[in-house]
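Peer 1: I'd like to ask you about the structure that follows.
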Amino acid sequence: LIADIAKDLVQVSGEHWTLLRWLQRLPDEYVLRRPEIGAAVSWSLLFSRELSRARELLGMLDEYCEQQANQLPPELLRQCRRDVGLNRCFLEAAEDNTVHASQLLKEWLANNPDAEKRDMVTAYILQLYSSVSTFETELGINAAGSAVAVGEQFTAGFLAAWAQAAAGMSAMQQANLAAAARHFRKGLEYNSRNASPFSYVGCLNTVLLAEVCYELNDTAQAEALLAEHFEYIDNQSVVDIAYTGYRVMAKLQFAHENLEAGLKLIRLGKESAARADLSRLSAMLAALEIRSLLLAGKDTEAQQLANESGFNEPEGALPLQRASPMVRELHKEIKAELYLSKKLPKHAIPLLDSLVASAEETARQRRLVDVLLLRAR
């Protein structure tokens, strides 16, 4: 019975914890004897941020498929390999290895044109996630559109709501707040048809909608939306969603003139990022803390944190060369802001001009607006 409904349970209803609770009652070897269950379990582990367990299980499933290649029915073997491949893409995205994830997703889509529609939706959403930090903007826009087009066929399910969240993220990247809000509200509507508001995609759409409300200066609504979602932000969400949640929650505290409460939220996020080994999230939150300190007139503390967080490393330093495009940009931006705080605009302007050029070249409209505002100081 579990094998028959496992994939629907997690991909249509999003009931990850239900599946994991069921599996606790079964012998470990049963999961491998039924690879369709193993694939669904690895999917649920990814949504639960149990990434090491997911990687281990995917390795075991790979090995099982090779060992049983001549015994398994051909269609089951193909589906198992397809599921494992897609879940590996998800694992790389969840671990924030976005450049590698982007390449794996392109390969998976090219190799599986006849995949189930639910798998195609997932691949497109993961492609959008990866594109945010690889700056493949056009790829992300197209992926979000494809996710919605296919996801509409699951109007009462987890996947339709997840696709709407991805499309809203794409709209936010293009600075289209109205379109983003429509997508997030539609995602919440889809989610409400067969899931709790606190399901994974219910929380996802809620946190993202809160950001729209904050940007539109509806701080009361933003606070109401985020009121019970810290656990999701802190323990389940992928990097860009987690950052959005911490950022908006902290800024709401700053709006109430409560600097320490806002900084505490950012530091809790940094602790969570360190536990999960999410280096880009750590860098983004450190940058947010530095900016917040500068805005509060605490330049000395901001400079000290920048030194501790590696933001004053020379551009050719090996760790920075290996960092993602977004982290490399972040280093330039923080250096520019520190120069501005020291009244050294001549040092800041070349850095900001390069950021403006990058945003224009990659068609990241929201990023362009942010950098131009900083450039205009």
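Labels for the structure tokens follow display order: chains A, B, ..., residues from 1 in each chain, ligands from 1.
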Any chance you could list, as a PyMOL selection string, the residues in range 102-340 of chain A that come up helix (DSSP H, G or I) when DSSP is run on the backbone?

Peer 2: chain A and resi 102-111+117-134+137-154+158-173+177-192+200-215+219-226+230-235+239-255+259-275+279-295+299-308+318-322+325-340

Peer 1: Find the residues near Leu226 in chain A: any atom within 8 Å, counting only C-alpha atoms, skip ones fewer than 2 places away on the same chain, and give them as a PyMOL selection string.

Peer 2: chain A and resi 206-207+210+222-224+228-230+245+249

Peer 1: Dump all heavy atoms for the selected residues as a compact mmCIF listing (two decimals), in the first residue's frame?

Peer 2:
```txt
# COMPACT_ATOMS: atom_id res chain seq x y z
N THR A 206 3.42 31.85 1.95
CA THR A 206 3.14 32.84 2.99
C THR A 206 4.35 33.74 3.23
O THR A 206 4.23 34.97 3.31
CB THR A 206 2.72 32.14 4.29
OG1 THR A 206 1.54 31.39 4.06
CG2 THR A 206 2.46 33.16 5.39
N VAL A 207 5.53 33.14 3.38
CA VAL A 207 6.75 33.91 3.63
C VAL A 207 7.04 34.85 2.46
O VAL A 207 7.39 36.03 2.66
CB VAL A 207 7.94 32.97 3.90
CG1 VAL A 207 9.26 33.74 3.92
CG2 VAL A 207 7.74 32.23 5.22
N ALA A 210 4.66 37.72 2.43
CA ALA A 210 5.01 38.69 3.47
C ALA A 210 6.07 39.67 2.96
O ALA A 210 6.02 40.86 3.29
CB ALA A 210 5.52 37.95 4.71
N ALA A 222 2.50 42.08 6.76
CA ALA A 222 3.73 41.28 6.72
C ALA A 222 3.97 40.60 8.06
O ALA A 222 4.29 39.40 8.13
CB ALA A 222 4.92 42.15 6.34
N GLU A 223 3.79 41.34 9.15
CA GLU A 223 3.96 40.77 10.48
C GLU A 223 2.96 39.66 10.75
O GLU A 223 3.30 38.61 11.31
CB GLU A 223 3.82 41.86 11.55
CG GLU A 223 5.04 42.73 11.68
CD GLU A 223 4.92 43.70 12.85
OE1 GLU A 223 4.09 44.61 12.78
OE2 GLU A 223 5.68 43.51 13.82
N ALA A 224 1.71 39.88 10.35
CA ALA A 224 0.67 38.87 10.57
C ALA A 224 1.00 37.59 9.81
O ALA A 224 0.82 36.48 10.34
CB ALA A 224 -0.69 39.42 10.14
N GLU A 228 3.81 33.00 12.70
CA GLU A 228 4.03 31.62 13.16
C GLU A 228 4.89 30.82 12.19
O GLU A 228 4.75 29.59 12.10
CB GLU A 228 2.68 30.94 13.36
CG GLU A 228 1.81 31.62 14.40
CD GLU A 228 0.46 30.92 14.58
OE1 GLU A 228 0.34 29.75 14.17
OE2 GLU A 228 -0.45 31.53 15.13
N HIS A 229 5.81 31.51 11.51
CA HIS A 229 6.56 30.81 10.47
C HIS A 229 8.07 30.79 10.70
O HIS A 229 8.82 30.41 9.80
CB HIS A 229 6.25 31.42 9.10
CG HIS A 229 4.89 31.07 8.61
ND1 HIS A 229 3.76 31.76 8.98
CD2 HIS A 229 4.47 30.06 7.80
CE1 HIS A 229 2.70 31.21 8.40
NE2 HIS A 229 3.10 30.18 7.69
N PHE A 230 8.52 31.15 11.90
CA PHE A 230 9.96 31.13 12.13
C PHE A 230 10.53 29.71 12.03
O PHE A 230 11.62 29.52 11.48
CB PHE A 230 10.31 31.73 13.49
CG PHE A 230 11.79 31.79 13.74
CD1 PHE A 230 12.55 32.78 13.16
CD2 PHE A 230 12.42 30.83 14.52
CE1 PHE A 230 13.93 32.83 13.35
CE2 PHE A 230 13.78 30.86 14.73
CZ PHE A 230 14.55 31.87 14.14
N GLY A 245 12.93 35.36 4.64
CA GLY A 245 12.23 35.34 5.92
C GLY A 245 12.99 36.07 7.02
O GLY A 245 12.43 36.92 7.72
N MET A 249 11.71 39.65 8.70
CA MET A 249 11.45 39.65 10.15
C MET A 249 12.36 40.65 10.87
O MET A 249 11.92 41.37 11.77
CB MET A 249 11.65 38.24 10.71
CG MET A 249 10.59 37.24 10.25
SD MET A 249 10.81 35.59 10.94
CE MET A 249 10.13 35.82 12.57
```

Peer 1: I'd like the neighbourhood of range 96-100 of chain A as a ChimeraX atom specification, where a residue qualifies if any of its atoms comes within 9 Å (using only C-alpha atoms), though same-chain residues fewer than 6 positions away should be ignored.

Peer 2: /A:89,129-134,238-239,278-281,324

Peer 1: Could you check the closest approach to Glu231 in chain A for each of A:Ser48, A:Ser42, A:Ser196, A:Ser358 and tell me which residue wins, using only C-alpha atoms?

Peer 2: A:Ser48

Peer 1: So that I can check the surroundings of Lys270 in chain A, please list as a list in words every protein, DNA and RNA residue that reaches within 12 Å of it, counting only C-alpha atoms and ignoring chain neighbours fewer than 3 positions away.

Peer 2: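 Those residues are Asp234, Val239, Ala242, Tyr243, Tyr246, Arg247, Leu263, Lys264, Leu265, Ile266, Arg267, Ala273, Ala274, Arg275, Ala276, Asp277, Leu278, Ser279, Arg280, Leu281, Ser282, Ala283, Met284, Leu285, Ala286, Ala287, Leu288, Glu289 and Ser309 of chain A.
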
Peer 1: Restricting the calculation to only C-alpha atoms, which member of A:Arg366, A:Arg78, A:Lys251, A:Arg193 is positioned closest to Asn176 in chain A?

Peer 2: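 Counting only C-alpha atoms, the residue closest to Asn176 in chain A is A:Arg366.
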
Peer 1: What's the separation between CA of Lys332 in chain A and CA of Leu351 in chain A, in Å to one decimal place?

Peer 2: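 Result for CA of Lys332 in chain A versus CA of Leu351 in chain A: 6.0 Å, one decimal.
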